[in-house]
Each structure stands twice: as C-alpha cells, then as structure tokens.
file run.cif (mmCIF, C-alpha atoms)
data_run
#
loop_
_atom_site.label_atom_id
_atom_site.label_comp_id
_atom_site.auth_asym_id
_atom_site.auth_seq_id
_atom_site.Cartn_x
_atom_site.Cartn_y
_atom_site.Cartn_z
CA ASP F 1 29.23 87.04 50.24
CA GLN F 2 29.88 83.73 52.00
CA ILE F 3 27.00 81.29 52.30
CA SER F 4 27.07 78.21 54.51
CA PHE F 5 24.55 75.67 53.22
CA ASN F 6 25.50 73.23 55.95
CA LYS F 7 28.59 72.27 57.96
CA TYR F 8 30.04 70.47 54.93
CA PHE F 9 29.67 73.04 52.14
CA GLN F 10 30.22 76.80 51.78
CA LEU F 11 29.98 79.05 48.74
CA VAL F 12 31.88 82.32 48.29
CA ALA F 13 31.01 84.78 45.51
CA GLY F 14 31.52 88.45 44.81
CA GLY F 15 31.99 90.95 42.02
CA ARG F 16 32.31 94.60 41.19
CA ILE F 17 32.26 96.95 38.22
CA GLU F 18 35.37 99.11 37.93
CA ARG F 19 35.91 102.14 35.75
CA TYR F 20 38.79 104.56 35.28
CA ASP F 21 39.00 107.73 33.20
CA ASP F 22 42.51 109.24 33.16
CA GLU F 23 43.31 112.63 31.67
CA GLY F 24 46.45 114.74 31.84
CA VAL F 25 49.24 116.55 30.03
CA SER F 26 52.97 115.72 30.01
CA GLY F 27 55.48 117.73 27.99
CA GLY F 28 52.76 118.98 25.70
CA ASP F 29 51.41 115.46 25.06
CA ILE F 30 47.81 114.64 25.89
CA LEU F 31 47.45 111.70 28.28
CA GLN F 32 44.13 109.91 28.15
CA GLY F 33 42.77 106.44 28.85
CA ASP F 34 39.50 104.95 30.03
CA ASP F 35 37.89 101.56 30.43
CA THR F 36 35.15 99.72 32.31
CA SER F 37 35.38 96.13 33.45
CA PHE F 38 33.68 93.57 35.65
CA THR F 39 35.86 91.61 38.05
CA GLY F 40 34.70 88.86 40.34
CA ARG F 41 35.44 85.72 42.27
CA ILE F 42 33.54 82.52 42.91
CA GLY F 43 34.68 79.64 45.07
CA ALA F 44 33.60 76.74 47.21
CA VAL F 45 34.77 75.09 50.44
CA ILE F 46 34.03 71.45 51.25
CA LYS F 47 34.62 70.21 54.83
CA PRO F 48 34.21 66.43 55.01
CA VAL F 49 35.45 66.55 58.65
CA ASP F 50 35.88 69.39 61.12
CA ASN F 51 39.66 69.71 60.84
CA PHE F 52 40.04 69.29 57.08
CA ALA F 53 38.78 71.37 54.14
CA ILE F 54 39.04 71.31 50.35
CA PHE F 55 38.69 74.60 48.50
CA GLY F 56 38.69 75.92 44.95
CA ASN F 57 38.02 79.25 43.30
CA PHE F 58 38.10 81.21 40.05
CA SER F 59 38.70 84.95 39.74
CA ASN F 60 39.48 87.51 37.08
CA SER F 61 41.28 90.86 37.22
CA TYR F 62 42.38 93.83 35.24
CA VAL F 63 45.18 96.35 35.76
CA ARG F 64 45.01 99.87 34.42
CA PRO F 65 48.10 101.08 32.55
CA SER F 66 50.16 104.00 33.81
CA ILE F 67 48.78 107.35 32.70
CA LEU F 68 52.30 108.33 31.58
CA ALA F 69 52.08 105.61 28.91
CA GLN F 70 48.73 106.82 27.57
CA THR F 71 50.24 109.07 24.90
CA ALA F 72 51.12 108.39 21.27
CA ASN F 73 54.76 109.17 22.06
CA ALA F 74 54.69 106.19 24.47
CA ASN F 75 52.89 103.94 21.92
CA GLY F 76 49.60 104.50 23.74
CA PRO F 77 46.83 104.65 24.53
CA PHE F 78 46.61 101.14 25.97
CA GLY F 79 43.78 99.02 27.26
CA PRO F 80 43.98 97.28 30.65
CA GLU F 81 45.90 94.09 31.34
CA LEU F 82 43.43 91.23 31.84
CA GLY F 83 43.93 88.18 34.04
CA ARG F 84 42.16 85.03 35.17
CA GLN F 85 43.12 82.63 37.95
CA PHE F 86 42.18 79.10 38.94
CA GLU F 87 43.16 77.80 42.37
CA GLY F 88 42.52 74.69 44.40
CA GLY F 89 43.91 73.28 47.61
CA VAL F 90 43.44 71.87 51.09
CA LYS F 91 43.60 73.12 54.66
CA ALA F 92 44.18 70.98 57.74
CA GLU F 93 44.25 71.54 61.50
CA LEU F 94 46.22 68.87 63.33
CA ILE F 95 47.53 67.96 66.82
CA ASP F 96 44.66 69.58 68.72
CA ARG F 97 44.83 72.75 66.56
CA ARG F 98 48.54 73.22 67.26
CA LEU F 99 49.52 72.67 63.63
CA PHE F 100 47.92 74.39 60.62
CA ILE F 101 48.77 73.38 57.04
CA THR F 102 47.59 74.99 53.80
CA ALA F 103 48.61 73.68 50.38
CA SER F 104 47.33 74.98 47.06
CA GLY F 105 48.03 74.91 43.34
CA TYR F 106 47.09 77.59 40.85
CA GLN F 107 47.35 78.88 37.30
CA ILE F 108 47.24 82.55 36.28
CA ASN F 109 46.94 83.70 32.67
CA LYS F 110 47.35 87.36 31.70
CA THR F 111 46.68 88.92 28.31
CA ASP F 112 47.41 92.36 26.83
CA VAL F 113 50.50 92.44 29.02
CA LEU F 114 52.58 95.63 28.99
CA ARG F 115 56.38 95.55 28.92
CA PRO F 116 59.02 98.27 28.41
CA ASP F 117 59.72 99.38 24.86
CA PRO F 118 63.47 98.93 24.16
CA ASN F 119 63.25 101.66 21.50
CA PHE F 120 61.66 104.19 23.93
CA GLY F 121 58.68 104.98 21.71
CA PRO F 122 58.34 106.02 18.07
CA ASN F 123 60.58 109.05 18.61
CA GLY F 124 63.15 107.19 20.73
CA ASN F 125 62.97 109.67 23.62
CA ASN F 126 60.18 108.49 25.96
CA PHE F 127 61.40 106.34 28.85
CA ASN F 128 57.76 105.61 29.79
CA ALA F 129 57.06 103.94 26.45
CA LEU F 130 55.53 100.48 26.60
CA LEU F 131 54.50 97.68 24.28
CA GLN F 132 51.27 95.73 24.76
CA VAL F 133 52.00 92.22 23.62
CA GLY F 134 50.90 88.65 23.92
CA GLU F 135 50.11 86.48 26.89
CA VAL F 136 51.94 85.18 29.97
CA ARG F 137 51.20 82.28 32.28
CA SER F 138 52.21 81.34 35.82
CA ARG F 139 51.65 77.93 37.36
CA GLY F 140 52.60 77.20 40.90
CA PHE F 141 52.28 75.55 44.25
CA ASP F 142 52.18 77.12 47.73
CA LEU F 143 52.72 75.48 51.11
CA ASP F 144 52.21 77.22 54.46
CA ILE F 145 52.81 75.55 57.83
CA THR F 146 52.16 77.24 61.17
CA GLY F 147 52.55 75.45 64.45
CA ALA F 148 53.23 75.63 68.16
CA ILE F 149 56.12 73.33 69.01
CA THR F 150 55.57 74.14 72.69
CA PRO F 151 53.26 76.68 74.37
CA ARG F 152 56.16 79.17 74.21
CA TRP F 153 57.74 78.22 70.89
CA ASN F 154 56.00 78.99 67.56
CA LEU F 155 57.19 78.33 64.02
CA THR F 156 55.96 79.39 60.58
CA PHE F 157 57.30 78.01 57.31
CA ASN F 158 56.31 78.77 53.72
CA TYR F 159 57.42 77.56 50.32
CA ALA F 160 56.35 78.59 46.82
CA TYR F 161 57.14 77.15 43.41
CA ILE F 162 56.33 79.20 40.28
CA ASP F 163 56.68 78.09 36.68
CA SER F 164 56.26 81.30 34.69
CA GLN F 165 56.36 81.53 30.92
CA ILE F 166 55.87 84.05 28.13
CA LEU F 167 53.38 82.44 25.72
CA GLU F 168 53.06 85.18 23.11
CA ASP F 169 55.18 88.19 22.24
CA ASN F 170 56.05 90.23 19.16
CA ASN F 171 59.66 89.19 19.78
CA PRO F 172 59.80 85.43 19.05
CA ASN F 173 63.06 85.09 21.03
CA LEU F 174 61.15 85.83 24.24
CA ILE F 175 58.54 83.08 23.84
CA GLY F 176 59.14 80.36 26.41
CA MET F 177 61.23 82.63 28.65
CA PRO F 178 60.27 83.20 32.31
CA LEU F 179 58.62 86.41 33.46
CA ALA F 180 60.83 89.19 34.72
CA ASN F 181 62.07 88.88 38.31
CA ILE F 182 60.07 85.73 39.06
CA SER F 183 61.85 83.32 41.41
CA PRO F 184 61.07 79.65 40.62
CA HIS F 185 61.66 78.67 44.25
CA THR F 186 60.98 80.83 47.31
CA ALA F 187 61.11 79.71 50.93
CA GLY F 188 60.98 81.43 54.31
CA PHE F 189 60.55 80.76 57.99
CA PHE F 190 59.91 82.64 61.21
CA THR F 191 60.26 81.26 64.72
CA ARG F 192 59.66 82.94 68.06
CA TYR F 193 60.38 81.78 71.58
CA ASP F 194 58.80 83.54 74.57
CA PHE F 195 60.98 83.23 77.65
CA THR F 196 58.22 84.87 79.69
CA ARG F 197 54.90 86.49 78.87
CA GLU F 198 56.77 89.76 78.46
CA ILE F 199 60.03 88.81 76.70
CA GLY F 200 60.45 86.99 73.41
CA VAL F 201 63.11 86.45 70.72
CA GLY F 202 62.47 85.84 67.03
CA PHE F 203 64.59 84.52 64.17
CA SER F 204 63.65 84.46 60.48
CA GLY F 205 65.17 83.65 57.12
CA GLN F 206 64.31 83.92 53.46
CA PHE F 207 65.61 82.12 50.36
CA ILE F 208 65.08 83.47 46.84
CA ASP F 209 66.17 81.52 43.75
CA ASP F 210 67.89 82.87 40.61
CA ARG F 211 65.80 85.34 38.59
CA LEU F 212 66.00 86.61 35.01
CA GLU F 213 65.04 89.85 33.30
CA PRO F 214 64.43 88.35 29.82
CA PHE F 215 64.00 91.65 27.99
CA ALA F 216 67.52 92.79 28.87
CA GLY F 217 69.11 89.40 29.61
CA ILE F 218 70.02 90.47 33.17
CA GLU F 219 70.31 87.83 35.88
CA ALA F 220 69.80 88.33 39.61
CA PRO F 221 71.48 85.47 41.52
CA ALA F 222 69.90 83.55 44.38
CA TYR F 223 70.33 84.83 47.92
CA GLN F 224 69.53 84.06 51.56
CA VAL F 225 69.06 86.63 54.31
CA PHE F 226 68.42 86.19 58.04
CA ASP F 227 66.90 88.53 60.64
CA LEU F 228 66.91 88.57 64.44
CA SER F 229 64.32 90.30 66.65
CA TYR F 230 63.65 90.96 70.34
CA TYR F 231 60.28 91.81 71.94
CA HIS F 232 59.68 93.23 75.42
CA THR F 233 56.30 94.12 76.88
CA VAL F 234 56.21 96.37 79.96
CA LYS F 235 53.22 96.18 82.32
CA LYS F 236 50.96 95.09 79.44
CA ARG F 237 50.87 98.73 78.27
CA PHE F 238 54.04 99.23 76.24
CA ARG F 239 56.03 97.08 73.84
CA PHE F 240 59.59 97.59 72.67
CA ASP F 241 60.74 95.92 69.44
CA LEU F 242 64.37 95.57 68.37
CA LYS F 243 65.21 94.07 65.00
CA LEU F 244 68.47 93.31 63.22
CA GLU F 245 67.85 92.69 59.52
CA ASN F 246 70.32 91.05 57.14
CA ILE F 247 72.53 89.86 59.98
CA ALA F 248 75.45 88.90 57.70
CA ASP F 249 75.26 92.22 55.78
CA LYS F 250 74.92 90.22 52.56
CA GLU F 251 74.95 92.02 49.20
CA TYR F 252 72.13 90.83 46.96
CA ALA F 253 69.79 91.94 44.19
CA VAL F 254 66.06 92.06 44.95
CA SER F 255 65.07 92.62 41.30
CA SER F 256 66.26 93.82 37.90
CA LEU F 257 65.19 96.85 35.88
CA PHE F 258 64.93 97.20 32.13
CA ALA F 259 64.11 100.78 31.24
CA ALA F 260 66.16 103.88 30.45
CA ARG F 261 68.89 102.30 32.57
CA ALA F 262 69.29 98.56 33.03
CA GLY F 263 70.66 96.91 36.14
CA ASN F 264 69.90 95.25 39.48
CA PHE F 265 68.31 96.88 42.51
CA PRO F 266 70.40 96.15 45.62
CA GLY F 267 68.79 94.71 48.71
CA GLN F 268 68.77 96.29 52.14
CA PRO F 269 72.12 96.10 53.96
CA ARG F 270 72.46 95.23 57.65
CA THR F 271 69.88 97.39 59.39
CA PHE F 272 68.98 97.92 63.03
CA THR F 273 65.48 99.21 63.85
CA PHE F 274 63.76 100.12 67.10
CA GLY F 275 60.02 100.25 67.62
CA PHE F 276 57.82 101.44 70.46
CA THR F 277 54.11 100.63 70.69
CA ILE F 278 51.54 101.80 73.23
CA LEU F 279 49.23 98.83 73.76
CA SER F 280 46.90 100.59 76.18
CA PHE F 281 46.48 104.04 77.72
CA LYS F 282 44.69 102.54 80.68
CA LYS F 283 46.46 101.14 83.72
CA ASP F 284 45.51 97.68 85.00
#

call {"tool": "encode", "arguments": {"input": "run.cif", "output": "structure tokens"}}
result
Amino acid sequence: DQISFNKYFQLVAGGRIERYDDEGVSGGDILQGDDTSFTGRIGAVIKPVDNFAIFGNFSNSYVRPSILAQTANANGPFGPELGRQFEGGVKAELIDRRLFITASGYQINKTDVLRPDPNFGPNGNNFNALLQVGEVRSRGFDLDITGAITPRWNLTFNYAYIDSQILEDNNPNLIGMPLANISPHTAGFFTRYDFTREIGVGFSGQFIDDRLEPFAGIEAPAYQVFDLSYYHTVKKRFRFDLKLENIADKEYAVSSLFAARAGNFPGQPRTFTFGFTILSFKKD
C-alpha cells in the first residue's frame, strides 16, 4: 500500500507469504523440495518541493532452486536463495517537466547462492548438479535521464555501475571475484524524432563492459551495438514499425556459460523486423 501523510511524505509497504512444494521424477531419481518464506518491502518518499523527491527502501527476496537440482545425484535438495536490498536516491523534474532525472545507489546481498558443480554431482554424470555456497554482494549506482529536447525530439539515457563480489565460497580462489556475467559499466540511449505526428525515426545504442565467468575463467569482451527504427501511423488506426538491429552486424558475446559445455553465447546478428499494430477498430 502507498500512504500519503501529507504533500511532503509518503510511505510504501507491502509483503506476502510464498510457498512452493515441488515433486517429480527424473531418470528414476526422486525430485522434491519445499519451503515457505515471507518477502516484503518498505520505503519512504520525501518531497521537500514539488519537483524534487528523496526516496529510500528495503526489501528482501528468495529464489526457489530448479526442481532438476532437487535430487541427491545433483547434491540436493537445496533451500532457496535469500536476498536483501537497500536502495536510496533522488528524482527531479526540471525545465517545466521536460527533463526527468532519477539517480539511486543500492546494495544487494544474497546468501545460500547456487552455482554449477564442476564435478557434475557425486556420480559425475548430472549436468544439473549445483553447489549451495557462501554469499555474494552487489553495490551499484543507476542514472536515468529522460527529456524532450524539442516538442518533436525526445532522448533517453541510462547508465549503471555495479561492483559485484563473491564474499564466501567453498573454493577460496573465487573469493573476491566478480559475479558471473556482471558488467561493471553499462550504458544505453534511445532518441526519437517525429517529423510529423504520423512519421518518426528512432536511433539507439548500448554499451556493455567486459564480463567474467569466474567459475570457468571465461571472459566476454566489451561490445557496442546500435539499432535504427522507423514508425508510421496511418489515419490514427494503424502503425507500421520497421527496425534494423545491430546495424554493423557486430559479433559479440552476451554472456558466458559454465555447465556441461563452457563457452560464450553469441549476440543477435544484424536483424530486420517488421511490426504492424491496430490502434483502433473504429474510424474517426
């Protein structure tokens, strides 16, 4: 629920009780896992002036493990992965509400984290085998800027910094290493210019920094990709969308895998898509 005590202070709070009870059979092995947990969130918003706000919140979470890992041959059964997050930041509306800025910092701690078992279980033949080890932490900063440069020209920019670290693990060589596939620096933008009310062109880009899969020592290098789009609305009833993704047809790795086979997942090559949307079935 969200409660406004006055125009300067708001309180947000919520919670729920979650329960799962998994049962199954795989290759003659019994798969079973169950747990009950309470998750919730509490936060506050302070608005000293109309166009500026300070916010903060705390939340907790839990993630159920895969049922395929809930067998003794996969080192299971496992309990859920638990997490807690602290976040604080500011929001501002500037230039007669033509520019919106949100900046926030956060810290996320997770315990009972599951990671792939390099030995594939006690019998060495289960590719779903996991290990439940230690604790990981992510600290970061997010910045989002959305604005209207002119009535026809809009721009959105975002940047994220993440400092991720393995705090505890049964393999001491992993302590202090970053989490798998986490990019320390991520940035993106999207801009659109409307030539008329019916026709618009968009351009976007994304930058992802170097990433590491610490369990296998695999690196995924940084990359940048750019997309181009075209929008056309006909008689306020239909919209055609054309999009060219990865304009330069760049080869890049979106993430790395450490399981039965280790390697990098390739990103999408140059792709052309066409979309058609019916905005209204009723004529003007």

call {"tool": "residues_near_point", "arguments": {"input": "run.cif", "point": "(44.4, 78.6, 37.7)", "cutoff": "12 Å", "atoms": "all atoms listed in the file", "output": "mmCIF file with C-alpha atoms, in the frame of the given file"}}
result
data_model
loop_
_atom_site.group_PDB
_atom_site.id
_atom_site.type_symbol
_atom_site.label_atom_id
_atom_site.label_comp_id
_atom_site.auth_asym_id
_atom_site.auth_seq_id
_atom_site.Cartn_x
_atom_site.Cartn_y
_atom_site.Cartn_z
ATOM 1 C CA GLY F 56 38.690 75.920 44.950
ATOM 2 C CA ASN F 57 38.020 79.250 43.300
ATOM 3 C CA PHE F 58 38.100 81.210 40.050
ATOM 4 C CA SER F 59 38.700 84.950 39.740
ATOM 5 C CA ASN F 60 39.480 87.510 37.080
ATOM 6 C CA GLY F 83 43.930 88.180 34.040
ATOM 7 C CA ARG F 84 42.160 85.030 35.170
ATOM 8 C CA GLN F 85 43.120 82.630 37.950
ATOM 9 C CA PHE F 86 42.180 79.100 38.940
ATOM 10 C CA GLU F 87 43.160 77.800 42.370
ATOM 11 C CA GLY F 88 42.520 74.690 44.400
ATOM 12 C CA GLY F 89 43.910 73.280 47.610
ATOM 13 C CA SER F 104 47.330 74.980 47.060
ATOM 14 C CA GLY F 105 48.030 74.910 43.340
ATOM 15 C CA TYR F 106 47.090 77.590 40.850
ATOM 16 C CA GLN F 107 47.350 78.880 37.300
ATOM 17 C CA ILE F 108 47.240 82.550 36.280
ATOM 18 C CA ASN F 109 46.940 83.700 32.670
ATOM 19 C CA LYS F 110 47.350 87.360 31.700
ATOM 20 C CA ARG F 137 51.200 82.280 32.280
ATOM 21 C CA SER F 138 52.210 81.340 35.820
ATOM 22 C CA ARG F 139 51.650 77.930 37.360
ATOM 23 C CA GLY F 140 52.600 77.200 40.900
ATOM 24 C CA PHE F 141 52.280 75.550 44.250
#

call {"tool": "closest_residue", "arguments": {"input": "run.cif", "among": "F:Asn73, F:Leu212, F:Phe207, F:Gln224", "to": "F:Ile30", "atoms": "only C-alpha atoms"}}
result
F:Asn73

call {"tool": "residues_around", "arguments": {"input": "run.cif", "residues": "F:Asn51", "least_positions_apart": "4", "cutoff": "10 Å", "atoms": "all atoms listed in the file", "output": "PyMOL selection string"}}
result
chain F and resi 47+91-94+96-97+100

call {"tool": "atom_distance", "arguments": {"input": "run.cif", "atom1": "atom CA of F:Ser229", "atom2": "atom CA of F:Gln268"}}
result
16.3 Å

call {"tool": "residues_around", "arguments": {"input": "run.cif", "residues": "F:Thr277", "least_positions_apart": "6", "cutoff": "9 Å", "atoms": "only C-alpha atoms", "output": "ChimeraX atom specification"}}
result
/F:237-241

call {"tool": "resolve_selection", "arguments": {"input": "run.cif", "expression": "the PyMOL selection byres ((chain F and resi 127) around 10)", "output": "ChimeraX atom specification"}}
result
/F:68-69,73-74,116-121,124-126,128-130,259-261

call {"tool": "resolve_selection", "arguments": {"input": "run.cif", "expression": "the PyMOL selection byres ((chain F and resi 194-196) around 9)", "output": "PDB file with C-alpha atoms, in the frame of the given file"}}
result
ATOM      1  CA  PRO F 151      53.260  76.680  74.370  1.00  0.00           C
ATOM      2  CA  ARG F 152      56.160  79.170  74.210  1.00  0.00           C
ATOM      3  CA  TRP F 153      57.740  78.220  70.890  1.00  0.00           C
ATOM      4  CA  ASN F 154      56.000  78.990  67.560  1.00  0.00           C
ATOM      5  CA  ARG F 192      59.660  82.940  68.060  1.00  0.00           C
ATOM      6  CA  TYR F 193      60.380  81.780  71.580  1.00  0.00           C
ATOM      7  CA  ARG F 197      54.900  86.490  78.870  1.00  0.00           C
ATOM      8  CA  GLU F 198      56.770  89.760  78.460  1.00  0.00           C
ATOM      9  CA  ILE F 199      60.030  88.810  76.700  1.00  0.00           C
ATOM     10  CA  GLY F 200      60.450  86.990  73.410  1.00  0.00           C
ATOM     11  CA  VAL F 201      63.110  86.450  70.720  1.00  0.00           C
ATOM     12  CA  GLY F 202      62.470  85.840  67.030  1.00  0.00           C
ATOM     13  CA  TYR F 231      60.280  91.810  71.940  1.00  0.00           C
TER      14      TYR F 231
END

call {"tool": "closest_residue", "arguments": {"input": "run.cif", "among": "F:Asp249, F:Ile278, F:Gln70, F:Phe203", "to": "F:Lys235", "atoms": "all atoms listed in the file"}}
result
F:Ile278

call {"tool": "residues_around", "arguments": {"input": "run.cif", "residues": "F:Ala248", "least_positions_apart": "2", "cutoff": "8 Å", "atoms": "all atoms listed in the file", "output": "ChimeraX atom specification"}}
result
/F:225-226,246,250,270

call {"tool": "decode", "arguments": {"input": "run.cif", "residues": "stretch 110-168 of chain F", "atoms": "C-alpha atoms", "output": "mmCIF file, in the first residue's frame"}}
result
data_model
loop_
_atom_site.group_PDB
_atom_site.id
_atom_site.type_symbol
_atom_site.label_atom_id
_atom_site.label_comp_id
_atom_site.auth_asym_id
_atom_site.auth_seq_id
_atom_site.Cartn_x
_atom_site.Cartn_y
_atom_site.Cartn_z
ATOM 1 C CA LYS F 110 22.479 -12.846 -1.362
ATOM 2 C CA THR F 111 23.118 -15.940 0.732
ATOM 3 C CA ASP F 112 22.795 -19.679 0.033
ATOM 4 C CA VAL F 113 23.706 -18.899 -3.561
ATOM 5 C CA LEU F 114 23.656 -21.784 -6.040
ATOM 6 C CA ARG F 115 26.363 -22.224 -8.668
ATOM 7 C CA PRO F 116 27.186 -25.060 -11.098
ATOM 8 C CA ASP F 117 29.071 -28.043 -9.726
ATOM 9 C CA PRO F 118 32.255 -28.526 -11.813
ATOM 10 C CA ASN F 119 32.258 -32.223 -10.865
ATOM 11 C CA PHE F 120 28.636 -32.739 -12.071
ATOM 12 C CA GLY F 121 27.401 -34.267 -8.816
ATOM 13 C CA PRO F 122 28.649 -37.114 -6.631
ATOM 14 C CA ASN F 123 28.477 -39.566 -9.534
ATOM 15 C CA GLY F 124 29.985 -37.172 -12.087
ATOM 16 C CA ASN F 125 27.112 -37.572 -14.563
ATOM 17 C CA ASN F 126 24.474 -34.954 -13.668
ATOM 18 C CA PHE F 127 24.764 -31.728 -15.656
ATOM 19 C CA ASN F 128 22.073 -30.153 -13.428
ATOM 20 C CA ALA F 129 24.205 -30.568 -10.301
ATOM 21 C CA LEU F 130 24.699 -27.457 -8.200
ATOM 22 C CA LEU F 131 26.568 -26.330 -5.112
ATOM 23 C CA GLN F 132 25.000 -24.076 -2.492
ATOM 24 C CA VAL F 133 27.780 -21.921 -1.174
ATOM 25 C CA GLY F 134 28.547 -18.695 0.572
ATOM 26 C CA GLU F 135 27.421 -15.152 -0.030
ATOM 27 C CA VAL F 136 27.633 -12.595 -2.842
ATOM 28 C CA ARG F 137 27.239 -8.826 -2.836
ATOM 29 C CA SER F 138 26.456 -6.206 -5.462
ATOM 30 C CA ARG F 139 26.850 -2.479 -4.932
ATOM 31 C CA GLY F 140 25.931 -0.012 -7.592
ATOM 32 C CA PHE F 141 24.670 3.255 -8.932
ATOM 33 C CA ASP F 142 21.976 3.926 -11.547
ATOM 34 C CA LEU F 143 21.286 7.090 -13.521
ATOM 35 C CA ASP F 144 18.290 7.599 -15.816
ATOM 36 C CA ILE F 145 17.665 10.780 -17.815
ATOM 37 C CA THR F 146 14.599 11.342 -19.993
ATOM 38 C CA GLY F 147 13.934 14.594 -21.745
ATOM 39 C CA ALA F 148 12.305 16.442 -24.607
ATOM 40 C CA ILE F 149 14.943 18.451 -26.451
ATOM 41 C CA THR F 150 12.180 19.908 -28.631
ATOM 42 C CA PRO F 151 8.456 19.050 -28.858
ATOM 43 C CA ARG F 152 9.376 16.565 -31.616
ATOM 44 C CA TRP F 153 12.730 15.290 -30.356
ATOM 45 C CA ASN F 154 12.960 13.010 -27.285
ATOM 46 C CA LEU F 155 16.026 11.432 -25.700
ATOM 47 C CA THR F 156 16.541 8.785 -23.009
ATOM 48 C CA PHE F 157 19.896 7.921 -21.470
ATOM 49 C CA ASN F 158 20.798 5.411 -18.765
ATOM 50 C CA TYR F 159 23.988 4.372 -17.037
ATOM 51 C CA ALA F 160 24.661 1.700 -14.410
ATOM 52 C CA TYR F 161 27.741 0.872 -12.371
ATOM 53 C CA ILE F 162 27.909 -2.455 -10.498
ATOM 54 C CA ASP F 163 30.632 -3.605 -8.132
ATOM 55 C CA SER F 164 29.895 -7.300 -7.619
ATOM 56 C CA GLN F 165 31.910 -9.610 -5.408
ATOM 57 C CA ILE F 166 31.892 -13.174 -4.115
ATOM 58 C CA LEU F 167 32.236 -12.895 -0.328
ATOM 59 C CA GLU F 168 32.130 -16.564 0.661
#
